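Input: a single structure, listed below in structure tokens.
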Amino acid sequence: MTSDLPPARLRVAPSPTGDPHVGTAYMSLFNLAYARKTGGAFVLRIEDTDRARYQADSERQITETLRWLGLPWDEGPDVGGPYAPYRQSERLDTYRPYVDRLVADGHAYYCWCTPERLAELRKSQERSKASVTGYDRLCLGKTREERALLPGFQETPVVRMLVPDDVPLVFDDLIRGSVAAPRPDDQVLLKTDGFPTYHMAVVVDDHLMGITHVVRGEEWISSTPKHLLLYGWLGWDAPAFAHMPLLRNTDRSKISKRKNPAARLLWFVEQGYLPEALRNFLQLLAYPPADDESEISTFDEFVEGFEWTKINTVGPIFDLDKLNWLNGTYIRNLPVAELGERLVDFVRTHQRPLTVAESAVVYGAAAMLQPRLVLLSDALDQLTFALTPDADLVIDEDARSQLTDAAPGVLDAAVATLEALPEFTHEAIDEGLRTTLVEGLGLKPRVAFAALRVAVTGRKVSPPLFESMALLGKESVLARLRSLRASL
RNA sequence: GUCCCCAUCGUCUAGCGGCCUAGGACACCGCCCUUUCAAGGCGGUUGCGCCGGUUCGAAUCCGGUUGGGGAUGCCA
């Protein structure tokens with residue numbers, strides 16, 4: 001499936017600041033596709049330069065969820081690789097010399113302004129509706145001693161880049177062609193805590209790790225001139241850039257965990273989505289189906305036809321309808337045994353513990369549930385009747401109210417018929433009951449079977465009656481039929 | 001405020017000057033099938049934001065306008 005394109009090295013670089021974000025998976029998918037298409041490599045790098053937002057558990061969640069999704073990386077913090085370490089916090093010594101060099105070359109300068117001074121500066125610029133905003137370069141060209149005499153001074157400086165007036169603002173984008181970006185501010189490169197900012201770290205690491213294609217969200221377009229400046233100052237070739245459209249909430253804003261539970265990658269795991277369905281869905285966002293006939297396609301098919309220019313520039317709204325349909329379709333396409341296994345596994349890890357007998361019930365229900373599931377989590381509710389002891393079965397009021405005058409007769413006849421059945425398969429049950437109730441008593445199937453459904457499941461709506469009976473077993477079914485009969 | 005990006009059914013998309021009285025998918029609505037619910041089959045409603053221009057001809061090119069989004073952080 002590799003093409004004759006030169007092997008590309010791509011990376012995804014999430015920040016461990018909480019639950020993995022769905023955008024990380026989206027970026028990973030497209031990164032990985034191109035890496036595979038060119039026979040190159042896909043790298044996972046952890047961008048943990050923000051100490052304040054760092055969450056220890058986050059990296060594990062990121063790797064687990066991306067693995068769950070089936071998007072494996074060739075190099076990363078957990079698997080190693082020729083450019084280790086792959087955690088930016090472990091690369092602090094790597095960045096320092098480059099920062100020093102930029103300062104020495106006059107491309108960057110120290111800034112001793114306090115965060116308070118900066119905040120005030122920003123506020124006053126906002127108030128005066130100034131057309132030029134950003135740092136006022138108070139520290140530029142001053143020594144520590146000179147600056148110390150002025151207000152808003154702090155002992156530990158940051159390092160800022162000195163953006164020249166003629167900074168190039170136009171660059172080529174694999175998806176958008178020629179793109180113009182805003183003029184950057186004198187961006188901080190090294191923070192007071194000694195950590196580089198994203199802008200410094202990303203350029204150094206991408207270069208050192210041999211990244212050939214930077215694929216990231218559209219929100220980074222405005223930062224690209226800064227990065228290009230850095231590449232130039234450091235004497236490095238810049239990689240190719242592809243700015244992906246931003247996933248959006250239904251209100252069209254950038255997708256966020258606050259407004260959209262689906263912004264959390266873990267949410268899909270918890271809900272019972274199939275990773276292959278989510279992958280297929282993500283692939284369809286801002287990207288045409290691989291095949292005219294169907295929107296269902298494998299990762300390999302996606303890779304085969306992959307082209308940057310096919311990616312749309314419009315940020316797609318993350319709408320669950322199509323994903324739900326895809327998930328149901330993928331569930332239906334699963335071999336029954338595998339669905340059974342996934343169901344048992346899902347219920348156990350995300351819903352409730354299962355005894356051995358209960359696991360067998362869930363596993364055995366796979367075939368009858370298959371066309372009825374949108375999510376794996378849907379199974380449990382539909383199987384309530386089968387996981388409830390006969391004596392504890394509750395007959396819902398709206399179910400009981402469906403019972404007609406024919407119910408007692410139906411229940412009696414059903415008990416007699418089922419008792420006499422040599423084998424308790426759904427085919428045998430079907431045939432037996434149809435013979436006695438429909439042909440024998442002359443009842444409409446609808447009427448006859450409704451009463452039995454109520455007795456066996458306690459509900460108005462349930463999985464197919466005969467399969468449900470077979471799943472439950474003869475003894476249990478008879479007990480339930482007698483129980484409802486007795487209550488009439 | 002300033003700068004940048006973007007604009008086809010409700011949603012995801014096809015379209016890259018004539019094949020478009022705009023195609024597909026999801027959702028929605030009917031009908032069929034049917035023991036309930038699904039699944040499946042068949043059919044249907046819905047869209048090129050607006051105004052100019054270029055052209056024999058515009059969803060497709062250009063300008064403007066409106067609308068949406070993003071950036072403007074010692075967050076990424």
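Each chain in the structure tokens gets a letter, A, B, ..., in the order shown, and its residues are numbered from 1; ligands are numbered from 1 in order too.
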(request) Tell me, as a list in words, which residues lie within 12 Å of A:Phe153, counting only C-alpha atoms (C1' of nucleotides); anything in the same chain fewer than 5 positions away does not count. (result)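 Near A:Phe153, the qualifying residues are Tyr110, Cys111, Trp112, Cys113, Thr114, Pro115, Glu116, Arg117, Leu118, Leu138, Cys139, Arg144, Glu145, Glu146, Arg147, Ala148 and Val158 of chain A.
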(message) What's around A:His107 at 9 Å? Count only C-alpha atoms (C1' of nucleotides), leave out sequence neighbours fewer than 4 positions away in its own chain, and write the answer as a PyMOL selection string.
(response) chain A and resi 101-103+160-164+230+233
Resulting file, chosen residues, all heavy atoms, as a PDB file, in the first residue's frame:
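That gives us again_38.pdb:
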```pdb
ATOM      1  N   ARG A 101      21.608  30.517  21.681  1.00  0.00           N
ATOM      2  CA  ARG A 101      22.111  30.912  20.375  1.00  0.00           C
ATOM      3  C   ARG A 101      21.263  32.027  19.769  1.00  0.00           C
ATOM      4  O   ARG A 101      21.782  32.982  19.198  1.00  0.00           O
ATOM      5  CB  ARG A 101      22.098  29.696  19.459  1.00  0.00           C
ATOM      6  CG  ARG A 101      23.004  29.869  18.245  1.00  0.00           C
ATOM      7  CD  ARG A 101      23.197  28.542  17.564  1.00  0.00           C
ATOM      8  NE  ARG A 101      22.592  28.544  16.246  1.00  0.00           N
ATOM      9  CZ  ARG A 101      22.277  27.437  15.577  1.00  0.00           C
ATOM     10  NH1 ARG A 101      22.464  26.244  16.138  1.00  0.00           N
ATOM     11  NH2 ARG A 101      21.749  27.516  14.373  1.00  0.00           N
ATOM     12  N   LEU A 102      19.979  31.922  19.930  1.00  0.00           N
ATOM     13  CA  LEU A 102      19.087  32.950  19.386  1.00  0.00           C
ATOM     14  C   LEU A 102      19.339  34.288  20.062  1.00  0.00           C
ATOM     15  O   LEU A 102      19.349  35.339  19.422  1.00  0.00           O
ATOM     16  CB  LEU A 102      17.615  32.532  19.563  1.00  0.00           C
ATOM     17  CG  LEU A 102      17.170  31.335  18.718  1.00  0.00           C
ATOM     18  CD1 LEU A 102      15.733  30.933  19.083  1.00  0.00           C
ATOM     19  CD2 LEU A 102      17.259  31.662  17.224  1.00  0.00           C
ATOM     20  N   VAL A 103      19.581  34.229  21.383  1.00  0.00           N
ATOM     21  CA  VAL A 103      19.876  35.464  22.112  1.00  0.00           C
ATOM     22  C   VAL A 103      21.206  36.041  21.622  1.00  0.00           C
ATOM     23  O   VAL A 103      21.309  37.232  21.321  1.00  0.00           O
ATOM     24  CB  VAL A 103      19.927  35.201  23.632  1.00  0.00           C
ATOM     25  CG1 VAL A 103      20.396  36.464  24.372  1.00  0.00           C
ATOM     26  CG2 VAL A 103      18.556  34.759  24.151  1.00  0.00           C
ATOM     27  N   ARG A 160      12.308  36.279  24.862  1.00  0.00           N
ATOM     28  CA  ARG A 160      11.323  36.547  23.807  1.00  0.00           C
ATOM     29  C   ARG A 160      12.001  36.577  22.442  1.00  0.00           C
ATOM     30  O   ARG A 160      13.146  37.006  22.314  1.00  0.00           O
ATOM     31  CB  ARG A 160      10.672  37.919  24.015  1.00  0.00           C
ATOM     32  CG  ARG A 160       9.673  37.989  25.134  1.00  0.00           C
ATOM     33  CD  ARG A 160       9.064  39.387  25.189  1.00  0.00           C
ATOM     34  NE  ARG A 160       8.138  39.496  26.307  1.00  0.00           N
ATOM     35  CZ  ARG A 160       6.865  39.130  26.242  1.00  0.00           C
ATOM     36  NH1 ARG A 160       6.366  38.656  25.106  1.00  0.00           N
ATOM     37  NH2 ARG A 160       6.081  39.242  27.293  1.00  0.00           N
ATOM     38  N   MET A 161      11.280  36.182  21.416  1.00  0.00           N
ATOM     39  CA  MET A 161      11.839  36.291  20.078  1.00  0.00           C
ATOM     40  C   MET A 161      11.625  37.710  19.576  1.00  0.00           C
ATOM     41  O   MET A 161      10.628  38.355  19.904  1.00  0.00           O
ATOM     42  CB  MET A 161      11.217  35.255  19.124  1.00  0.00           C
ATOM     43  CG  MET A 161       9.739  35.372  18.890  1.00  0.00           C
ATOM     44  SD  MET A 161       9.061  33.890  18.075  1.00  0.00           S
ATOM     45  CE  MET A 161       9.831  33.966  16.483  1.00  0.00           C
ATOM     46  N   LEU A 162      12.595  38.216  18.833  1.00  0.00           N
ATOM     47  CA  LEU A 162      12.502  39.562  18.276  1.00  0.00           C
ATOM     48  C   LEU A 162      11.986  39.444  16.840  1.00  0.00           C
ATOM     49  O   LEU A 162      12.742  39.152  15.913  1.00  0.00           O
ATOM     50  CB  LEU A 162      13.883  40.239  18.303  1.00  0.00           C
ATOM     51  CG  LEU A 162      13.955  41.651  17.738  1.00  0.00           C
ATOM     52  CD1 LEU A 162      13.023  42.608  18.486  1.00  0.00           C
ATOM     53  CD2 LEU A 162      15.397  42.157  17.778  1.00  0.00           C
ATOM     54  N   VAL A 163      10.692  39.671  16.709  1.00  0.00           N
ATOM     55  CA  VAL A 163      10.081  39.509  15.394  1.00  0.00           C
ATOM     56  C   VAL A 163      10.420  40.706  14.515  1.00  0.00           C
ATOM     57  O   VAL A 163      10.094  41.844  14.861  1.00  0.00           O
ATOM     58  CB  VAL A 163       8.553  39.367  15.518  1.00  0.00           C
ATOM     59  CG1 VAL A 163       7.905  39.286  14.146  1.00  0.00           C
ATOM     60  CG2 VAL A 163       8.200  38.131  16.345  1.00  0.00           C
ATOM     61  N   PRO A 164      11.113  40.475  13.413  1.00  0.00           N
ATOM     62  CA  PRO A 164      11.501  41.596  12.540  1.00  0.00           C
ATOM     63  C   PRO A 164      10.292  42.150  11.773  1.00  0.00           C
ATOM     64  O   PRO A 164       9.299  41.459  11.601  1.00  0.00           O
ATOM     65  CB  PRO A 164      12.500  40.954  11.581  1.00  0.00           C
ATOM     66  CG  PRO A 164      12.121  39.514  11.544  1.00  0.00           C
ATOM     67  CD  PRO A 164      11.556  39.177  12.891  1.00  0.00           C
ATOM     68  N   LEU A 230      11.842  30.839  13.371  1.00  0.00           N
ATOM     69  CA  LEU A 230      12.750  30.025  14.179  1.00  0.00           C
ATOM     70  C   LEU A 230      13.559  29.059  13.305  1.00  0.00           C
ATOM     71  O   LEU A 230      14.770  28.929  13.466  1.00  0.00           O
ATOM     72  CB  LEU A 230      11.931  29.242  15.212  1.00  0.00           C
ATOM     73  CG  LEU A 230      11.881  29.650  16.704  1.00  0.00           C
ATOM     74  CD1 LEU A 230      12.380  31.055  16.976  1.00  0.00           C
ATOM     75  CD2 LEU A 230      10.504  29.429  17.286  1.00  0.00           C
ATOM     76  N   TRP A 233      16.195  31.162  11.518  1.00  0.00           N
ATOM     77  CA  TRP A 233      17.272  31.636  12.397  1.00  0.00           C
ATOM     78  C   TRP A 233      18.220  30.507  12.787  1.00  0.00           C
ATOM     79  O   TRP A 233      19.404  30.704  12.956  1.00  0.00           O
ATOM     80  CB  TRP A 233      16.654  32.230  13.673  1.00  0.00           C
ATOM     81  CG  TRP A 233      15.968  33.539  13.455  1.00  0.00           C
ATOM     82  CD1 TRP A 233      16.140  34.387  12.407  1.00  0.00           C
ATOM     83  CD2 TRP A 233      14.995  34.134  14.322  1.00  0.00           C
ATOM     84  NE1 TRP A 233      15.337  35.495  12.554  1.00  0.00           N
ATOM     85  CE2 TRP A 233      14.621  35.370  13.732  1.00  0.00           C
ATOM     86  CE3 TRP A 233      14.401  33.774  15.526  1.00  0.00           C
ATOM     87  CZ2 TRP A 233      13.684  36.229  14.321  1.00  0.00           C
ATOM     88  CZ3 TRP A 233      13.480  34.635  16.106  1.00  0.00           C
ATOM     89  CH2 TRP A 233      13.121  35.844  15.503  1.00  0.00           C
TER      90      TRP A 233
END
```
(request) Counting only C-alpha atoms (C1' of nucleotides), figure out which residue out of B:A27, B:C62, B:C50, B:C9 gets nearest to chain A. (result)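 Smallest distance to chain A is found for B:A27.
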(request) Would you list, as a ChimeraX atom specification, the residues of stretch 209-268 of chain A that end up in helix (DSSP H, G or I) under DSSP run on this structure's backbone? (result) /A:218-233,261-263,265-268
Output the selection as a short mmCIF file (atom, residue, chain, number, x, y, z; two decimals), in the first residue's frame - N, CA, C and O atoms for each residue.
```cif
data_model
loop_
_atom_site.label_atom_id
_atom_site.label_comp_id
_atom_site.auth_asym_id
_atom_site.auth_seq_id
_atom_site.Cartn_x
_atom_site.Cartn_y
_atom_site.Cartn_z
N GLU A 218 -6.06 23.87 12.63
CA GLU A 218 -6.13 25.20 12.01
C GLU A 218 -5.78 26.32 12.98
O GLU A 218 -5.34 27.40 12.58
N GLU A 219 -5.98 26.08 14.26
CA GLU A 219 -5.70 27.13 15.24
C GLU A 219 -4.23 27.52 15.25
O GLU A 219 -3.86 28.54 15.81
N TRP A 220 -3.39 26.70 14.61
CA TRP A 220 -1.96 26.99 14.59
C TRP A 220 -1.51 27.81 13.40
O TRP A 220 -0.34 28.19 13.30
N ILE A 221 -2.41 28.09 12.50
CA ILE A 221 -2.04 28.89 11.32
C ILE A 221 -1.39 30.20 11.77
O ILE A 221 -0.36 30.61 11.26
N SER A 222 -2.01 30.81 12.76
CA SER A 222 -1.51 32.12 13.19
C SER A 222 -0.13 32.03 13.86
O SER A 222 0.53 33.04 14.01
N SER A 223 0.28 30.85 14.26
CA SER A 223 1.60 30.73 14.89
C SER A 223 2.69 30.33 13.91
O SER A 223 3.89 30.39 14.24
N THR A 224 2.29 29.91 12.74
CA THR A 224 3.26 29.36 11.80
C THR A 224 4.38 30.35 11.42
O THR A 224 5.54 29.95 11.32
N PRO A 225 4.07 31.66 11.24
CA PRO A 225 5.18 32.58 10.94
C PRO A 225 6.27 32.58 12.02
O PRO A 225 7.46 32.68 11.71
N LYS A 226 5.86 32.42 13.28
CA LYS A 226 6.85 32.35 14.35
C LYS A 226 7.75 31.14 14.15
O LYS A 226 8.97 31.20 14.31
N HIS A 227 7.12 30.03 13.82
CA HIS A 227 7.88 28.80 13.67
C HIS A 227 8.83 28.88 12.48
O HIS A 227 9.97 28.45 12.55
N LEU A 228 8.33 29.47 11.42
CA LEU A 228 9.15 29.63 10.22
C LEU A 228 10.37 30.52 10.50
O LEU A 228 11.49 30.24 10.03
N LEU A 229 10.14 31.55 11.30
CA LEU A 229 11.22 32.44 11.69
C LEU A 229 12.29 31.64 12.44
O LEU A 229 13.48 31.75 12.18
N LEU A 230 11.84 30.84 13.37
CA LEU A 230 12.75 30.03 14.18
C LEU A 230 13.56 29.06 13.31
O LEU A 230 14.77 28.93 13.47
N TYR A 231 12.89 28.40 12.38
CA TYR A 231 13.60 27.49 11.48
C TYR A 231 14.68 28.26 10.74
O TYR A 231 15.82 27.81 10.62
N GLY A 232 14.32 29.42 10.25
CA GLY A 232 15.27 30.21 9.48
C GLY A 232 16.47 30.64 10.33
O GLY A 232 17.62 30.48 9.93
N TRP A 233 16.20 31.16 11.52
CA TRP A 233 17.27 31.64 12.40
C TRP A 233 18.22 30.51 12.79
O TRP A 233 19.40 30.70 12.96
N PRO A 261 -19.65 16.40 25.27
CA PRO A 261 -19.03 15.25 25.93
C PRO A 261 -18.15 14.46 24.97
O PRO A 261 -17.17 13.84 25.38
N ALA A 262 -18.50 14.52 23.69
CA ALA A 262 -17.76 13.76 22.69
C ALA A 262 -16.37 14.35 22.43
O ALA A 262 -15.58 13.78 21.68
N ALA A 263 -16.06 15.48 23.04
CA ALA A 263 -14.71 16.03 22.90
C ALA A 263 -13.72 15.18 23.68
O ALA A 263 -12.53 15.21 23.44
N LEU A 265 -12.12 11.77 24.34
CA LEU A 265 -11.95 10.52 23.62
C LEU A 265 -12.45 9.33 24.45
O LEU A 265 -13.03 8.38 23.92
N LEU A 266 -12.25 9.42 25.76
CA LEU A 266 -12.68 8.35 26.64
C LEU A 266 -14.20 8.15 26.62
O LEU A 266 -14.70 7.06 26.89
N TRP A 267 -14.91 9.21 26.31
CA TRP A 267 -16.37 9.14 26.26
C TRP A 267 -16.84 8.04 25.30
O TRP A 267 -17.78 7.31 25.61
N PHE A 268 -16.14 7.91 24.18
CA PHE A 268 -16.54 6.91 23.18
C PHE A 268 -16.33 5.50 23.70
O PHE A 268 -17.10 4.59 23.42
#
```
(message) Just checking: using only C-alpha atoms (C1' of nucleotides), which residue out of A:Leu66, A:Val269, A:Leu481, A:Ala448 ends up closest to chain B?
(response)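 Going through A:Leu66, A:Val269, A:Leu481, A:Ala448 one by one, the smallest distance to chain B is for A:Ala448.
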(message) Residues of chain B within 10 Å of chain A, counting only C-alpha atoms (C1' of nucleotides), what are they? List them as an NGL selection string.
(response) :B and (1-7 or 11-14 or 24-27 or 34-40 or 68-76)
